[in-house]
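Undergrad: After the structure tokens below, expect a handful of questions from me.
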Amino acid sequence: GSGPTQVWAVGRGGTVLRYDGARWSAQEVPTRADLHGVWGQGDAVWIVGERGTVLWGGRGGFRALDGGVGERLDAVTGGGGAVWAVGQGGVVLRGDGARFQRQVSGTTLHLRGAYARSAEDVWIVGGAEDRGMMLRYSRAGLHRSEVGVRLRGVFAIAPDRESRSGSAVIDQVFAVGGTPQGDHQAVVLALSERGEPRRIEPELGAEGNSRWLQA
């Protein structure tokens, strides 16, 4: 969410919940499709899910948008006036929040996570089995790289300091996922500006398929 009174959660059968700082309440939406990703900025919220579902709205209600695809969408992000959505079959959508256009991704792998540092700096991850994919869209174009780990999420921090040589510190993008033996065997990668991965060892919390990652 965009603040302590604007927290959103989505799930099966068109479930959308909003937390107002005191309690959770169910929101009405024009779909019963399973929903997988949510992102908000200010009072505006975008939600994506099965069969290319894209919803836009907020506290005043939601309406369906035409994403132009039928594939499952797993993640949505945005920045600088642009909204991005990614999903199955290597689908990448970019739009102004109301209209979307499919982008060239160069992959058919399932894309599961996305994070935009700005309208022109977007990181996307995904994969299947023992094959992971990282995409970066920037002013320089599209850069792709593969790793032997299925990736599910990515988070980027804008550079805020410089190295001794005067160049921007670049280990500020992190991707998380699982090994070929299962997603419960957590993997964290620190990525350079060129998408070159460096594996780091997270501190893991409780045992089981869901583990806290502390980096």
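Please note that chains go A, B, ... in the order of the structure tokens, that every chain numbers its residues from 1, and that ligands are numbered from 1 in the order shown.
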Using only C-alpha atoms, which protein or nucleic acid residues come within 6 Å of segment 141-152 of chain A? Drop anything in the same chain fewer than 3 positions from it, and give the result as an NGL selection string.
TA: :A and (112-113 or 125-128 or 130-138 or 176-179)
Undergrad: Any idea what's packed within 12 Å of Ala85 of chain A, counting only C-alpha atoms, ignoring anything in its chain fewer than 4 positions away? Could you give it as a ChimeraX atom specification?
TA: /A:36-39,46-49,52-55,67-69,71-78,90-97,99-103,111-116,122-125
Undergrad: Find the spatial neighbours of segment 16-21 of chain A, counting only C-alpha atoms, within a cut-off of 9 Å - ignore same-chain residues fewer than 5 positions away - and output them as a list in words.
TA: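 Answer for this query is Pro4, Thr5, Gln6, Val7, Trp8, Ala9, Val10, Gly11, Ala26, Gln27, Glu28, Val29, Leu35, Ile47 and Arg59 of chain A.
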Undergrad: Keeping all heavy atoms for every residue in the selection just given, could you write it to a file as a tab-separated table (two decimals), in the first residue's frame?
TA:
```tsv
chain	number	residue	atom	x	y	z
A	4	PRO	N	-0.15	3.70	5.81
A	4	PRO	CA	-0.72	2.82	6.85
A	4	PRO	C	-2.24	2.69	6.78
A	4	PRO	O	-2.80	1.78	7.36
A	4	PRO	CB	-0.28	3.49	8.15
A	4	PRO	CG	0.00	4.92	7.79
A	4	PRO	CD	0.53	4.87	6.39
A	5	THR	N	-2.92	3.59	6.07
A	5	THR	CA	-4.37	3.49	5.91
A	5	THR	C	-4.76	3.09	4.49
A	5	THR	O	-5.93	3.15	4.13
A	5	THR	CB	-5.05	4.82	6.27
A	5	THR	OG1	-4.59	5.84	5.37
A	5	THR	CG2	-4.73	5.23	7.70
A	6	GLN	N	-3.76	2.70	3.71
A	6	GLN	CA	-4.00	2.28	2.33
A	6	GLN	C	-3.23	1.00	2.06
A	6	GLN	O	-2.27	0.98	1.28
A	6	GLN	CB	-3.55	3.37	1.35
A	6	GLN	CG	-4.47	4.57	1.30
A	6	GLN	CD	-5.62	4.37	0.35
A	6	GLN	OE1	-6.31	3.36	0.38
A	6	GLN	NE2	-5.84	5.33	-0.52
A	7	VAL	N	-3.64	-0.10	2.70
A	7	VAL	CA	-3.00	-1.39	2.53
A	7	VAL	C	-3.98	-2.32	1.81
A	7	VAL	O	-5.14	-2.42	2.21
A	7	VAL	CB	-2.57	-1.99	3.89
A	7	VAL	CG1	-1.90	-3.33	3.69
A	7	VAL	CG2	-1.65	-1.02	4.62
A	8	TRP	N	-3.49	-3.00	0.77
A	8	TRP	CA	-4.36	-3.83	-0.07
A	8	TRP	C	-3.84	-5.25	-0.13
A	8	TRP	O	-2.63	-5.49	-0.13
A	8	TRP	CB	-4.45	-3.25	-1.48
A	8	TRP	CG	-5.03	-1.87	-1.52
A	8	TRP	CD1	-4.37	-0.69	-1.33
A	8	TRP	CD2	-6.41	-1.54	-1.74
A	8	TRP	NE1	-5.24	0.36	-1.42
A	8	TRP	CE2	-6.49	-0.12	-1.68
A	8	TRP	CE3	-7.54	-2.29	-1.99
A	8	TRP	CZ2	-7.70	0.55	-1.85
A	8	TRP	CZ3	-8.75	-1.61	-2.17
A	8	TRP	CH2	-8.83	-0.22	-2.10
A	9	ALA	N	-4.77	-6.21	-0.23
A	9	ALA	CA	-4.41	-7.61	-0.42
A	9	ALA	C	-5.40	-8.21	-1.41
A	9	ALA	O	-6.58	-7.83	-1.44
A	9	ALA	CB	-4.48	-8.37	0.91
A	10	VAL	N	-4.92	-9.15	-2.24
A	10	VAL	CA	-5.78	-9.76	-3.26
A	10	VAL	C	-5.61	-11.27	-3.22
A	10	VAL	O	-4.61	-11.79	-2.71
A	10	VAL	CB	-5.45	-9.22	-4.67
A	10	VAL	CG1	-5.64	-7.72	-4.72
A	10	VAL	CG2	-4.02	-9.60	-5.09
A	11	GLY	N	-6.59	-12.00	-3.80
A	11	GLY	CA	-6.51	-13.46	-3.77
A	11	GLY	C	-7.52	-14.12	-4.67
A	11	GLY	O	-7.95	-13.56	-5.69
A	26	ALA	N	-13.72	-6.14	2.82
A	26	ALA	CA	-13.78	-6.66	1.46
A	26	ALA	C	-14.28	-5.57	0.51
A	26	ALA	O	-15.17	-4.79	0.85
A	26	ALA	CB	-14.70	-7.87	1.40
A	27	GLN	N	-13.69	-5.53	-0.69
A	27	GLN	CA	-14.05	-4.54	-1.70
A	27	GLN	C	-14.75	-5.23	-2.87
A	27	GLN	O	-14.39	-6.33	-3.26
A	27	GLN	CB	-12.80	-3.83	-2.20
A	27	GLN	CG	-11.91	-3.27	-1.11
A	27	GLN	CD	-12.57	-2.17	-0.32
A	27	GLN	OE1	-12.94	-1.14	-0.87
A	27	GLN	NE2	-12.74	-2.37	0.98
A	28	GLU	N	-15.73	-4.56	-3.45
A	28	GLU	CA	-16.43	-5.08	-4.61
A	28	GLU	C	-15.61	-4.81	-5.87
A	28	GLU	O	-15.14	-3.69	-6.09
A	28	GLU	CB	-17.80	-4.42	-4.75
A	28	GLU	CG	-18.81	-4.88	-3.72
A	28	GLU	CD	-19.20	-6.34	-3.92
A	28	GLU	OE1	-19.18	-6.82	-5.08
A	28	GLU	OE2	-19.50	-7.01	-2.91
A	29	VAL	N	-15.43	-5.86	-6.68
A	29	VAL	CA	-14.71	-5.71	-7.95
A	29	VAL	C	-15.49	-6.45	-9.04
A	29	VAL	O	-16.22	-7.40	-8.75
A	29	VAL	CB	-13.28	-6.27	-7.86
A	29	VAL	CG1	-12.45	-5.47	-6.88
A	29	VAL	CG2	-13.29	-7.75	-7.46
A	35	LEU	N	-6.84	-13.35	-8.38
A	35	LEU	CA	-6.00	-12.15	-8.51
A	35	LEU	C	-4.65	-12.42	-7.85
A	35	LEU	O	-4.58	-13.01	-6.79
A	35	LEU	CB	-6.70	-10.96	-7.86
A	35	LEU	CG	-8.10	-10.65	-8.42
A	35	LEU	CD1	-8.78	-9.57	-7.61
A	35	LEU	CD2	-8.03	-10.29	-9.89
A	47	ILE	N	-4.63	-3.84	-10.06
A	47	ILE	CA	-4.66	-5.25	-9.65
A	47	ILE	C	-4.64	-6.11	-10.91
A	47	ILE	O	-5.29	-5.78	-11.90
A	47	ILE	CB	-5.93	-5.56	-8.83
A	47	ILE	CG1	-5.93	-4.75	-7.52
A	47	ILE	CG2	-6.04	-7.05	-8.53
A	47	ILE	CD1	-7.25	-4.82	-6.77
A	59	ARG	N	-10.57	3.39	-3.22
A	59	ARG	CA	-11.64	3.40	-2.22
A	59	ARG	C	-13.02	3.65	-2.83
A	59	ARG	O	-14.03	3.24	-2.28
A	59	ARG	CB	-11.34	4.46	-1.16
A	59	ARG	CG	-10.20	4.07	-0.22
A	59	ARG	CD	-9.95	5.14	0.81
A	59	ARG	NE	-9.41	6.37	0.21
A	59	ARG	CZ	-9.10	7.46	0.90
A	59	ARG	NH1	-9.32	7.49	2.22
A	59	ARG	NH2	-8.60	8.52	0.31
```
Undergrad: List every residue of segment 97-163 of chain A that DSSP, applied to the backbone of this structure, assigns to strand (DSSP E or B), and report them as a ChimeraX atom specification.
TA: /A:100-102,111-118,121-128,131-138,141-147,150-156,162
